[in-house]
file query.txt (compact mmCIF, C-alpha atoms and all ligand atoms)
# COMPACT_ATOMS: atom_id res chain seq x y z
CA MET A 1 42.31 98.91 186.67
CA THR A 2 40.68 101.47 188.97
CA ASP A 3 42.45 102.74 192.12
CA SER A 4 39.93 101.18 194.49
CA ALA A 5 40.20 97.79 192.77
CA LEU A 6 43.97 98.04 192.91
CA ASN A 7 43.78 98.82 196.62
CA GLN A 8 41.61 95.79 197.20
CA LEU A 9 43.99 93.51 195.35
CA GLN A 10 46.93 94.96 197.30
CA ASP A 11 45.00 94.30 200.51
CA LEU A 12 44.67 90.72 199.47
CA ALA A 13 48.35 90.53 198.65
CA ARG A 14 49.19 91.42 202.23
CA ARG A 15 47.26 88.45 203.54
CA GLU A 16 49.53 85.50 203.96
CA ASP A 17 46.74 83.10 203.04
CA TYR A 18 47.35 83.69 199.37
CA GLN A 19 51.11 83.87 199.14
CA GLY A 20 52.60 81.10 197.04
CA GLY A 21 51.03 77.68 197.26
CA ILE A 22 48.87 75.90 194.75
CA TRP A 23 45.94 77.55 192.99
CA VAL A 24 43.15 75.72 191.22
CA PHE A 25 40.86 77.65 188.90
CA VAL A 26 37.22 76.72 189.50
CA GLU A 27 35.19 76.91 186.33
CA GLN A 28 31.44 77.15 186.68
CA THR A 29 28.63 77.63 184.20
CA GLY A 30 25.24 78.95 185.26
CA GLY A 31 26.05 78.27 188.92
CA GLN A 32 27.26 74.68 188.31
CA VAL A 33 30.90 73.94 189.14
CA HIS A 34 32.58 71.95 186.38
CA PRO A 35 33.53 68.47 187.73
CA VAL A 36 37.15 68.97 186.63
CA ALA A 37 37.53 71.60 189.38
CA PHE A 38 36.75 68.97 192.04
CA GLU A 39 39.14 66.55 190.32
CA LEU A 40 41.91 69.17 190.36
CA LEU A 41 41.27 69.97 194.02
CA GLY A 42 41.37 66.25 194.88
CA ARG A 43 44.80 65.71 193.32
CA SER A 44 46.14 69.09 194.41
CA GLN A 45 45.41 68.37 198.05
CA GLN A 46 48.05 65.61 197.88
CA LEU A 47 50.46 67.85 195.96
CA ALA A 48 49.98 70.60 198.56
CA ALA A 49 50.65 68.08 201.34
CA ASP A 50 53.84 66.95 199.57
CA LEU A 51 55.01 70.57 199.34
CA GLN A 52 53.51 71.59 202.70
CA VAL A 53 51.80 74.59 201.14
CA ARG A 54 48.26 75.96 201.05
CA LEU A 55 45.73 74.94 198.40
CA THR A 56 43.58 77.81 197.15
CA ALA A 57 40.51 77.53 194.91
CA VAL A 58 40.03 80.56 192.66
CA LEU A 59 36.31 81.07 192.13
CA ILE A 60 35.13 83.91 189.88
CA GLY A 61 31.80 84.66 188.23
CA ARG A 62 28.35 85.95 189.09
CA ASP A 63 26.12 84.63 191.93
CA ILE A 64 28.64 81.97 192.84
CA SER A 65 29.48 82.79 196.49
CA HIS A 66 27.37 79.87 197.75
CA GLN A 67 29.78 77.43 196.07
CA ALA A 68 32.79 78.47 198.14
CA THR A 69 32.17 76.11 201.07
CA ASP A 70 31.74 73.14 198.70
CA LEU A 71 35.27 73.83 197.44
CA ILE A 72 36.61 73.66 200.98
CA TYR A 73 34.70 70.40 201.54
CA ALA A 74 36.36 69.19 198.31
CA GLY A 75 39.92 69.83 199.52
CA ALA A 76 40.70 73.58 199.31
CA ASP A 77 42.29 75.29 202.33
CA ALA A 78 41.13 78.68 201.09
CA VAL A 79 38.89 80.19 198.44
CA LEU A 80 39.74 83.38 196.60
CA LEU A 81 36.30 84.62 195.55
CA CYS A 82 35.34 87.31 193.03
CA ASP A 83 31.55 87.43 192.66
CA ASP A 84 30.44 90.29 190.45
CA ALA A 85 27.95 90.97 187.65
CA VAL A 86 30.72 91.93 185.22
CA LEU A 87 32.00 88.37 185.45
CA SER A 88 28.66 86.90 184.39
CA GLY A 89 29.23 84.18 181.77
CA LEU A 90 33.00 84.29 182.48
CA PRO A 91 34.03 86.76 179.76
CA GLU A 92 37.42 85.52 178.67
CA ASP A 93 39.17 88.88 178.28
CA ALA A 94 38.03 90.08 181.69
CA CYS A 95 38.92 86.78 183.34
CA THR A 96 42.38 86.81 181.73
CA THR A 97 43.11 90.29 183.06
CA LEU A 98 41.75 89.56 186.52
CA LEU A 99 43.60 86.26 186.89
CA SER A 100 46.86 87.72 185.57
CA ASP A 101 46.62 90.59 188.08
CA LEU A 102 45.95 88.18 190.92
CA VAL A 103 48.88 85.96 189.94
CA GLN A 104 51.24 88.91 189.76
CA LEU A 105 50.17 90.10 193.19
CA HIS A 106 50.11 86.81 195.05
CA GLN A 107 52.62 84.74 193.11
CA PRO A 108 51.32 81.19 193.46
CA ASP A 109 53.90 78.48 192.79
CA ILE A 110 51.46 76.37 190.80
CA PHE A 111 48.27 77.36 188.94
CA LEU A 112 46.05 74.63 187.45
CA PHE A 113 43.09 74.79 185.08
CA GLY A 114 40.78 72.16 183.60
CA ALA A 115 41.45 71.49 179.92
CA THR A 116 37.94 72.63 179.01
CA ALA A 117 37.23 75.03 176.15
CA PHE A 118 37.45 77.89 178.67
CA GLY A 119 40.63 76.62 180.34
CA ARG A 120 42.32 76.05 177.01
CA SER A 121 41.54 79.58 175.96
CA VAL A 122 42.24 81.50 179.17
CA ALA A 123 45.15 79.57 180.78
CA PRO A 124 47.58 80.22 177.87
CA ARG A 125 46.64 83.91 177.84
CA VAL A 126 47.31 84.21 181.57
CA ALA A 127 50.60 82.31 181.15
CA ALA A 128 51.67 84.67 178.36
CA ARG A 129 50.80 87.76 180.40
CA VAL A 130 52.71 86.63 183.47
CA ARG A 131 55.55 85.30 181.30
CA THR A 132 55.58 81.68 182.31
CA GLY A 133 55.11 78.35 180.55
CA LEU A 134 52.02 76.17 180.29
CA THR A 135 51.71 72.43 179.78
CA ALA A 136 48.41 71.70 178.06
CA ASP A 137 46.25 68.60 178.41
CA CYS A 138 48.08 66.87 181.27
CA THR A 139 46.87 63.47 182.37
CA ARG A 140 49.04 63.22 185.49
CA LEU A 141 50.60 65.57 188.05
CA ASP A 142 53.26 64.77 190.66
CA ILE A 143 55.83 66.55 192.76
CA GLU A 144 59.50 65.66 192.22
CA PRO A 145 60.72 64.90 195.76
CA GLU A 146 64.28 66.21 195.27
CA THR A 147 63.37 69.58 193.76
CA GLY A 148 59.72 70.19 194.69
CA LEU A 149 59.03 70.87 191.00
CA LEU A 150 55.66 70.01 189.48
CA LEU A 151 55.98 67.04 187.10
CA GLN A 152 53.45 67.66 184.34
CA THR A 153 52.80 64.51 182.31
CA ARG A 154 50.89 64.42 179.03
CA PRO A 155 50.68 62.24 175.90
CA ALA A 156 53.13 63.23 173.16
CA PHE A 157 53.88 62.17 169.59
CA GLY A 158 50.31 61.22 168.81
CA GLY A 159 49.87 59.41 172.12
CA ASN A 160 52.79 57.04 171.47
CA LEU A 161 54.68 58.10 174.58
CA MET A 162 54.13 60.10 177.73
CA ALA A 163 56.22 63.25 178.18
CA THR A 164 56.94 64.73 181.61
CA ILE A 165 57.55 68.45 181.53
CA VAL A 166 58.89 70.74 184.27
CA THR A 167 58.84 74.51 184.47
CA ASP A 168 62.05 75.09 186.39
CA ARG A 169 62.76 78.76 185.76
CA HIS A 170 59.43 80.58 185.71
CA ARG A 171 56.50 80.91 188.08
CA PRO A 172 53.80 79.92 188.43
CA GLN A 173 54.11 76.42 187.03
CA MET A 174 50.94 76.29 184.95
CA ALA A 175 49.09 73.34 183.45
CA THR A 176 45.71 72.38 182.11
CA VAL A 177 44.45 68.90 183.00
CA ARG A 178 42.00 66.83 181.02
CA PRO A 179 38.61 66.32 182.66
CA GLY A 180 37.90 62.82 183.88
CA VAL A 181 41.48 61.63 184.48
CA LEU A 182 42.06 62.64 188.13
CA PRO A 183 39.88 61.38 190.99
CA ALA A 184 37.91 63.89 193.09
CA LEU A 185 37.92 63.39 196.87
CA PRO A 186 34.75 62.42 198.70
CA THR A 187 33.02 65.48 200.19
CA ASP A 188 34.28 66.14 203.73
CA ARG A 189 31.93 68.51 205.54
CA SER A 190 34.14 68.64 208.60
CA ARG A 191 36.81 70.60 206.70
CA ARG A 192 37.24 74.30 207.49
CA GLY A 193 38.95 76.98 205.43
CA THR A 194 39.23 80.68 204.69
CA ILE A 195 37.05 82.54 202.19
CA ILE A 196 38.29 85.94 201.05
CA THR A 197 36.39 88.09 198.59
CA ALA A 198 37.71 90.59 196.07
CA ARG A 199 35.95 92.84 193.60
CA PRO A 200 36.97 92.50 189.98
CA PRO A 201 38.47 95.66 188.54
CA LEU A 202 36.97 95.34 185.09
CA ALA A 203 33.98 96.32 183.02
CA THR A 204 32.92 94.16 180.08
CA GLY A 205 30.87 94.82 176.98
CA ARG A 206 28.62 93.09 174.51
CA VAL A 207 31.21 90.45 173.65
CA VAL A 208 30.20 88.64 176.84
CA GLU A 209 26.66 88.04 175.63
CA LEU A 210 27.78 86.85 172.20
CA ALA A 211 30.12 84.24 173.70
CA ARG A 212 27.36 82.95 175.93
CA VAL A 213 24.85 82.55 173.10
CA LEU A 214 27.35 80.68 170.93
CA ARG A 215 28.22 78.30 173.75
CA GLN A 216 24.59 77.51 174.43
CA LYS A 217 23.94 76.81 170.78
CA GLU A 218 26.83 74.38 170.29
CA PRO A 219 27.77 72.29 173.33
CA GLY A 220 31.44 71.39 172.88
CA ILE A 221 32.81 67.87 172.53
CA ALA A 222 35.63 68.61 175.01
CA ASP A 223 33.16 68.91 177.89
CA ALA A 224 30.65 66.29 176.75
CA ASP A 225 29.69 63.37 178.97
CA LEU A 226 28.50 61.29 176.04
CA ILE A 227 29.76 61.32 172.45
CA VAL A 228 28.64 59.38 169.40
CA SER A 229 31.41 59.73 166.83
CA ALA A 230 31.66 58.88 163.15
CA GLY A 231 34.53 58.05 160.83
CA ARG A 232 34.81 57.40 157.13
CA GLY A 233 33.00 54.09 157.63
CA ILE A 234 29.75 56.02 158.06
CA GLY A 235 29.72 56.13 154.25
CA SER A 236 27.96 59.40 153.44
CA GLN A 237 27.10 62.82 154.78
CA LYS A 238 23.46 61.71 154.87
CA ASN A 239 24.33 58.82 157.21
CA LEU A 240 26.11 61.27 159.52
CA SER A 241 22.65 62.53 160.49
CA LEU A 242 22.08 59.13 162.17
CA VAL A 243 25.06 59.80 164.42
CA ARG A 244 23.74 63.24 165.30
CA GLU A 245 20.28 61.82 165.95
CA LEU A 246 21.53 59.10 168.31
CA ALA A 247 23.76 61.60 170.12
CA GLU A 248 20.80 63.93 170.65
CA MET A 249 18.54 61.09 171.77
CA LEU A 250 21.07 60.05 174.39
CA GLY A 251 21.65 63.64 175.55
CA GLY A 252 25.16 63.85 174.12
CA VAL A 253 26.99 65.44 171.22
CA TYR A 254 28.52 64.07 168.03
CA GLY A 255 32.16 63.88 167.11
CA VAL A 256 34.00 63.00 163.91
CA SER A 257 37.36 61.83 162.64
CA ARG A 258 39.42 64.22 160.57
CA PRO A 259 38.51 62.91 157.08
CA LEU A 260 34.89 63.96 157.66
CA VAL A 261 36.05 67.49 158.39
CA ASP A 262 38.36 67.45 155.37
CA MET A 263 35.44 66.34 153.18
CA GLY A 264 33.33 69.20 154.50
CA TRP A 265 30.78 66.90 156.17
CA ALA A 266 31.30 68.35 159.65
CA ASP A 267 32.70 71.43 161.31
CA SER A 268 36.23 71.18 162.74
CA SER A 269 34.84 71.96 166.23
CA HIS A 270 33.57 68.34 166.23
CA GLN A 271 36.91 66.77 165.29
CA ILE A 272 38.47 64.42 167.84
CA GLY A 273 42.21 63.80 167.86
CA GLN A 274 45.68 65.24 167.70
CA THR A 275 44.73 68.17 165.51
CA GLY A 276 41.18 68.24 166.86
CA GLN A 277 40.16 68.12 170.48
CA ALA A 278 40.84 65.75 173.35
CA VAL A 279 37.63 64.40 174.82
CA ALA A 280 36.82 62.77 178.15
CA PRO A 281 33.24 61.49 178.03
CA ARG A 282 31.92 58.80 180.31
CA LEU A 283 30.73 56.97 177.19
CA LEU A 284 31.95 57.21 173.59
CA ILE A 285 30.38 55.22 170.74
CA ALA A 286 32.79 55.18 167.77
CA CYS A 287 31.13 54.29 164.45
CA GLY A 288 33.26 53.37 161.42
CA ILE A 289 36.49 54.80 162.85
CA SER A 290 39.68 52.81 162.19
CA GLY A 291 41.58 54.11 165.23
CA ALA A 292 44.60 55.84 163.70
CA ILE A 293 47.18 57.06 166.25
CA GLN A 294 46.27 60.67 165.57
CA HIS A 295 42.61 59.95 166.37
CA LEU A 296 43.40 57.90 169.50
CA ALA A 297 45.48 60.82 170.81
CA GLY A 298 42.18 62.56 171.57
CA LEU A 299 40.54 59.61 173.34
CA GLY A 300 42.81 59.20 176.38
CA GLY A 301 40.22 60.60 178.81
CA ALA A 302 37.23 58.53 177.61
CA GLN A 303 36.02 56.19 180.35
CA THR A 304 34.10 53.62 178.30
CA ILE A 305 34.46 53.13 174.55
CA VAL A 306 32.08 51.14 172.37
CA ALA A 307 33.48 50.64 168.86
CA ILE A 308 31.52 49.51 165.81
CA ASN A 309 33.56 48.46 162.79
CA THR A 310 33.21 45.92 159.96
CA ASP A 311 36.91 45.03 160.25
CA PRO A 312 37.58 42.79 163.28
CA GLU A 313 41.27 43.80 163.08
CA ALA A 314 40.58 47.56 163.23
CA PRO A 315 43.01 49.26 165.70
CA ILE A 316 40.13 51.01 167.46
CA PHE A 317 39.24 47.61 168.95
CA THR A 318 42.53 47.56 170.88
CA ILE A 319 41.32 50.38 173.10
CA ALA A 320 37.57 49.63 173.05
CA ASP A 321 35.80 48.24 176.11
CA TYR A 322 32.96 46.84 173.95
CA ARG A 323 33.57 45.66 170.36
CA ILE A 324 30.82 45.30 167.79
CA VAL A 325 31.88 43.85 164.43
CA GLY A 326 29.25 44.97 161.96
CA ASP A 327 27.83 47.69 159.73
CA CYS A 328 27.60 50.86 161.81
CA VAL A 329 24.85 52.33 159.63
CA ALA A 330 22.54 49.35 160.20
CA ILE A 331 23.38 49.32 163.94
CA LEU A 332 22.74 53.07 164.29
CA GLN A 333 19.37 52.71 162.53
CA ARG A 334 18.45 49.89 164.86
CA LEU A 335 19.51 51.76 168.00
CA ILE A 336 17.48 54.77 166.96
CA ARG A 337 14.45 52.65 166.03
CA GLU A 338 14.49 50.71 169.29
CA LYS A 339 14.84 53.82 171.38
CA ILE A 340 11.88 55.43 169.60
CA LYS A 341 9.65 52.36 170.16
P1 LIG B 401 39.61 55.30 157.94
O1 LIG B 401 40.99 55.14 158.46
O2 LIG B 401 39.43 55.28 156.47
O3 LIG B 401 38.74 54.16 158.62
C1 LIG B 401 37.42 53.89 158.31
C2 LIG B 401 37.03 52.66 159.14
O4 LIG B 401 35.65 52.40 158.93
C3 LIG B 401 37.78 51.39 158.77
O5 LIG B 401 38.33 50.82 159.96
C4 LIG B 401 36.71 50.48 158.18
O6 LIG B 401 36.92 49.12 158.49
C5 LIG B 401 35.47 50.99 158.85
N1 LIG B 401 34.23 50.79 158.10
C6 LIG B 401 34.01 50.89 156.76
N2 LIG B 401 32.71 50.72 156.48
C7 LIG B 401 32.09 50.48 157.66
C8 LIG B 401 30.75 50.24 158.04
N3 LIG B 401 29.75 50.22 157.14
N4 LIG B 401 30.47 50.05 159.35
C9 LIG B 401 31.46 50.07 160.29
N5 LIG B 401 32.74 50.29 159.97
C10 LIG B 401 33.05 50.52 158.68
N6 LIG B 401 42.57 61.99 162.33
C11 LIG B 401 41.65 62.28 163.27
O7 LIG B 401 40.62 61.60 163.36
N7 LIG B 401 41.87 63.31 164.15
C12 LIG B 401 42.97 64.07 164.13
O8 LIG B 401 43.10 65.00 164.95
C13 LIG B 401 43.97 63.79 163.15
N8 LIG B 401 45.11 64.50 163.09
C14 LIG B 401 46.06 64.16 162.19
C15 LIG B 401 47.28 64.84 162.19
C16 LIG B 401 48.26 64.47 161.29
C17 LIG B 401 49.56 65.23 161.32
C18 LIG B 401 48.03 63.45 160.36
C19 LIG B 401 49.10 63.06 159.39
C20 LIG B 401 46.82 62.78 160.35
C21 LIG B 401 45.82 63.11 161.24
N9 LIG B 401 44.61 62.45 161.26
C22 LIG B 401 43.70 62.73 162.23
C23 LIG B 401 44.24 61.47 160.22
C24 LIG B 401 44.47 60.02 160.68
O9 LIG B 401 45.80 59.64 160.37
C25 LIG B 401 43.52 59.05 159.95
O10 LIG B 401 43.67 59.20 158.57
C26 LIG B 401 42.05 59.27 160.30
O11 LIG B 401 41.87 59.29 161.70
C27 LIG B 401 41.23 58.13 159.74
O12 LIG B 401 39.88 58.43 159.92
P2 LIG B 401 38.79 57.28 159.90
O13 LIG B 401 39.07 56.28 160.95
O14 LIG B 401 37.47 57.94 159.89
O15 LIG B 401 38.96 56.65 158.43

call {"tool": "encode", "arguments": {"input": "query.txt", "output": "structure tokens"}}
result
Amino acid sequence: MTDSALNQLQDLARREDYQGGIWVFVEQTGGQVHPVAFELLGRSQQLAADLQVRLTAVLIGRDISHQATDLIYAGADAVLLCDDAVLSGLPEDACTTLLSDLVQLHQPDIFLFGATAFGRSVAPRVAARVRTGLTADCTRLDIEPETGLLLQTRPAFGGNLMATIVTDRHRPQMATVRPGVLPALPTDRSRRGTIITARPPLATGRVVELARVLRQKEPGIADADLIVSAGRGIGSQKNLSLVRELAEMLGGVYGVSRPLVDMGWADSSHQIGQTGQAVAPRLLIACGISGAIQHLAGLGGAQTIVAINTDPEAPIFTIADYRIVGDCVAILQRLIREKIK
């Protein structure tokens, strides 16, 4: 860290606006704030009211200053803003260092991230650097009235029970929260708040560009709004191309159950479930997936599930909103054909 950057951060530390309180990391890509940031701000406003502390949105990146007021309209009392070219594309190493420095200087009580690919990568690194714990993939957050501790609830044991975890000895209390499970507040343009800017202390190299290219090439299932997923019932690797085709036609991505990864039909980055990724699409179409506990553990955030299975007793039907008993290959072919017509 350079001396001038250190001075700036120390300046910030002296401002009471950023002492303690709740921080929400605001992820944005190409100038678009990820919806999970608004969801986190919505829930955190209530948590901040319970604790009677300030809610701060932490917004870092390049050409993002214009988003700060939207975060106040969404529930933040203050925005801690770092807008600089070196943060273009949110390079993970640079973001980790910057966020860790800010935490050490301002000591928030609670620091929340979305459980996106970025949040899952950077939040644990920040937690390790500042020597605190992290509860990943929460689906619920509350304040314990007696202690003021953050109750961090998440599915455990393959989704069979919900575990509530507290971080009672270390600060900040850190958690990632699945997208799509907390409600955002309606925009309130009458809200007012403080925006304070800081310059990041870091320079980044070519790694930044590589990460950006890879992300553009392969949109991740964790952030997808629409997923068409396949299980062993798809029958063959050739039939898997139908799933990919329908996903592309509908503007989504494809997911798979673990056996398809084990058989080498798909990359593990597409695997949904306990040992894969948790997903939270608005619509998921599950084709030939039985619905084993380990697979369902990744589906908790999905809003609407359409399941296609030849077995009317398949467990996937117990969580599906729409059930289609039939051959998924024939149904996929028909959906693709009818869309093309
Ligand atoms: P199957 O269970 O074989 O089900 C295939 C389904 O397709 C059946 O319901 C069948 O009726 C139906 N079907 C057959 N033909 C058709 C057709 N033509 N049209 C429509 N339906 C048809 N699994 C994961 O997915 N993700 C994980 O992260 C994961 N982690 C695991 C971790 C551990 C520690 C363990 C032990 C297991 C894990 N598993 C995971 C594996 C999991 O237990 C199941 O074995 C797996 O999810 C089953 O995948 P499947 O539904 O594709 O296959």

call {"tool": "closest_atom_pairs", "arguments": {"input": "query.txt", "of": "chain A", "to": "ligand LIG 401 (chain B)", "cutoff": "6 Å", "atoms": "only C-alpha atoms and all ligand atoms", "output": "tab-separated table"}}
result
residue	atom	partner	partner_atom	distance
A:Gly231	CA	B:LIG401	O14	3.1
A:Arg232	CA	B:LIG401	O14	3.9
A:Gly233	CA	B:LIG401	O4	3.4
A:Ile234	CA	B:LIG401	C8	5.9
A:Ser257	CA	B:LIG401	O7	3.3
A:Arg258	CA	B:LIG401	C11	4.0
A:Pro259	CA	B:LIG401	O12	5.5
A:Ile272	CA	B:LIG401	N7	5.1
A:Gly273	CA	B:LIG401	O8	3.3
A:Gln274	CA	B:LIG401	O8	3.8
A:Thr275	CA	B:LIG401	O8	3.6
A:Gly276	CA	B:LIG401	O8	4.2
A:Cys287	CA	B:LIG401	C9	5.9
A:Gly288	CA	B:LIG401	N5	3.4
A:Ile289	CA	B:LIG401	O13	3.5
A:Ser290	CA	B:LIG401	O5	3.3
A:Gly291	CA	B:LIG401	O13	5.4
A:Ala292	CA	B:LIG401	O11	4.8
A:Gln294	CA	B:LIG401	C13	4.6
A:His295	CA	B:LIG401	O7	4.0
A:Ile308	CA	B:LIG401	C9	5.5
A:Asn309	CA	B:LIG401	N5	3.5
A:Thr310	CA	B:LIG401	N5	4.4
A:Asp311	CA	B:LIG401	O6	4.5
A:Ala314	CA	B:LIG401	O5	5.1
A:Gly326	CA	B:LIG401	C9	5.8
A:Asp327	CA	B:LIG401	N4	3.6
A:Cys328	CA	B:LIG401	N4	3.9
A:Val329	CA	B:LIG401	N3	5.9

call {"tool": "residues_around", "arguments": {"input": "query.txt", "residues": "A:Gly119", "least_positions_apart": "2", "cutoff": "12 Å", "atoms": "all atoms listed in the file", "output": "PyMOL selection string"}}
result
chain A and resi 24-28+34+36-37+90+92+95-96+111-117+121-127+134-137+174-179+222-223

call {"tool": "atom_distance", "arguments": {"input": "query.txt", "atom1": "atom CA of A:Ile331", "atom2": "atom CA of A:Val261"}}
result
22.8 Å

call {"tool": "atom_distance", "arguments": {"input": "query.txt", "atom1": "atom CA of A:Ala280", "atom2": "atom CA of A:Arg54"}}
result
28.8 Å

call {"tool": "closest_residue", "arguments": {"input": "query.txt", "among": "A:Pro172, A:Gly31, A:Gln45, A:Ala128", "to": "A:Gln67", "atoms": "all atoms listed in the file"}}
result
A:Gly31

call {"tool": "residues_around", "arguments": {"input": "query.txt", "residues": "A:Asp50", "least_positions_apart": "3", "cutoff": "10 Å", "atoms": "only C-alpha atoms", "output": "list in words"}}
result
Ser44, Gln45, Gln46, Leu47, Val53, Asp142, Ile143, Glu144, Pro145 and Gly148 of chain A

call {"tool": "closest_residue", "arguments": {"input": "query.txt", "among": "A:Thr164, A:Gln303, A:Thr318, A:Asn239", "to": "A:Leu226", "atoms": "only C-alpha atoms"}}
result
A:Gln303

call {"tool": "residues_around", "arguments": {"input": "query.txt", "residues": "A:Leu59", "least_positions_apart": "5", "cutoff": "8 Å", "atoms": "only C-alpha atoms", "output": "PyMOL selection string"}}
result
chain A and resi 25-27+64+68+79-83

call {"tool": "closest_residue", "arguments": {"input": "query.txt", "among": "A:Gln173, A:Leu240, A:Arg43, A:Leu87", "to": "A:Leu151", "atoms": "only C-alpha atoms"}}
result
A:Gln173

call {"tool": "atom_distance", "arguments": {"input": "query.txt", "atom1": "atom CA of A:Pro315", "atom2": "atom CA of A:His270"}}
result
21.3 Å

call {"tool": "residues_around", "arguments": {"input": "query.txt", "residues": "A:Ile195", "least_positions_apart": "2", "cutoff": "12 Å", "atoms": "only C-alpha atoms", "output": "CSV table (one decimal) with C-alpha atoms, in the frame of the given file"}}
result
chain,number,residue,atom,x,y,z
A,12,LEU,CA,44.7,90.7,199.5
A,15,ARG,CA,47.3,88.4,203.5
A,17,ASP,CA,46.7,83.1,203.0
A,18,TYR,CA,47.4,83.7,199.4
A,56,THR,CA,43.6,77.8,197.2
A,57,ALA,CA,40.5,77.5,194.9
A,58,VAL,CA,40.0,80.6,192.7
A,59,LEU,CA,36.3,81.1,192.1
A,65,SER,CA,29.5,82.8,196.5
A,66,HIS,CA,27.4,79.9,197.8
A,67,GLN,CA,29.8,77.4,196.1
A,68,ALA,CA,32.8,78.5,198.1
A,69,THR,CA,32.2,76.1,201.1
A,70,ASP,CA,31.7,73.1,198.7
A,71,LEU,CA,35.3,73.8,197.4
A,72,ILE,CA,36.6,73.7,201.0
A,76,ALA,CA,40.7,73.6,199.3
A,77,ASP,CA,42.3,75.3,202.3
A,78,ALA,CA,41.1,78.7,201.1
A,79,VAL,CA,38.9,80.2,198.4
A,80,LEU,CA,39.7,83.4,196.6
A,81,LEU,CA,36.3,84.6,195.6
A,82,CYS,CA,35.3,87.3,193.0
A,192,ARG,CA,37.2,74.3,207.5
A,193,GLY,CA,39.0,77.0,205.4
A,197,THR,CA,36.4,88.1,198.6
A,198,ALA,CA,37.7,90.6,196.1

call {"tool": "residues_around", "arguments": {"input": "query.txt", "residues": "A:Pro155", "least_positions_apart": "4", "cutoff": "10 Å", "atoms": "only C-alpha atoms", "output": "number ranges by chain"}}
result
A: 136-140, 159-164, 297-298, 300

call {"tool": "build_atoms", "arguments": {"input": "query.txt", "residues": "stretch 307-318 of chain A", "atoms": "N, CA, C and O atoms", "output": "mmCIF file, keeping the file's coordinate frame"}}
result
data_model
loop_
_atom_site.group_PDB
_atom_site.id
_atom_site.type_symbol
_atom_site.label_atom_id
_atom_site.label_comp_id
_atom_site.auth_asym_id
_atom_site.auth_seq_id
_atom_site.Cartn_x
_atom_site.Cartn_y
_atom_site.Cartn_z
ATOM 1 N N ALA A 307 33.068 50.433 170.253
ATOM 2 C CA ALA A 307 33.480 50.640 168.860
ATOM 3 C C ALA A 307 32.698 49.720 167.941
ATOM 4 O O ALA A 307 32.497 48.538 168.246
ATOM 5 N N ILE A 308 32.241 50.300 166.823
ATOM 6 C CA ILE A 308 31.520 49.510 165.810
ATOM 7 C C ILE A 308 32.329 49.597 164.523
ATOM 8 O O ILE A 308 32.591 50.703 164.018
ATOM 9 N N ASN A 309 32.744 48.444 164.003
ATOM 10 C CA ASN A 309 33.560 48.460 162.790
ATOM 11 C C ASN A 309 33.368 47.131 162.063
ATOM 12 O O ASN A 309 33.229 46.085 162.704
ATOM 13 N N THR A 310 33.371 47.163 160.741
ATOM 14 C CA THR A 310 33.210 45.920 159.960
ATOM 15 C C THR A 310 34.498 45.089 159.971
ATOM 16 O O THR A 310 34.452 43.887 159.713
ATOM 17 N N ASP A 311 35.617 45.722 160.272
ATOM 18 C CA ASP A 311 36.910 45.030 160.250
ATOM 19 C C ASP A 311 37.285 44.579 161.661
ATOM 20 O O ASP A 311 37.594 45.412 162.518
ATOM 21 N N PRO A 312 37.274 43.258 161.908
ATOM 22 C CA PRO A 312 37.580 42.790 163.280
ATOM 23 C C PRO A 312 39.005 43.127 163.712
ATOM 24 O O PRO A 312 39.319 43.096 164.896
ATOM 25 N N GLU A 313 39.873 43.465 162.755
ATOM 26 C CA GLU A 313 41.270 43.800 163.080
ATOM 27 C C GLU A 313 41.473 45.314 163.233
ATOM 28 O O GLU A 313 42.608 45.770 163.387
ATOM 29 N N ALA A 314 40.420 46.101 163.171
ATOM 30 C CA ALA A 314 40.580 47.560 163.230
ATOM 31 C C ALA A 314 41.272 47.970 164.539
ATOM 32 O O ALA A 314 40.914 47.472 165.617
ATOM 33 N N PRO A 315 42.268 48.859 164.479
ATOM 34 C CA PRO A 315 43.010 49.260 165.700
ATOM 35 C C PRO A 315 42.135 49.845 166.796
ATOM 36 O O PRO A 315 42.489 49.746 167.972
ATOM 37 N N ILE A 316 41.002 50.418 166.433
ATOM 38 C CA ILE A 316 40.130 51.010 167.460
ATOM 39 C C ILE A 316 39.724 49.948 168.487
ATOM 40 O O ILE A 316 39.517 50.237 169.656
ATOM 41 N N PHE A 317 39.650 48.677 168.038
ATOM 42 C CA PHE A 317 39.240 47.610 168.950
ATOM 43 C C PHE A 317 40.265 47.360 170.055
ATOM 44 O O PHE A 317 39.939 46.787 171.092
ATOM 45 N N THR A 318 41.521 47.792 169.832
ATOM 46 C CA THR A 318 42.530 47.560 170.880
ATOM 47 C C THR A 318 42.303 48.438 172.098
ATOM 48 O O THR A 318 42.800 48.139 173.180
#
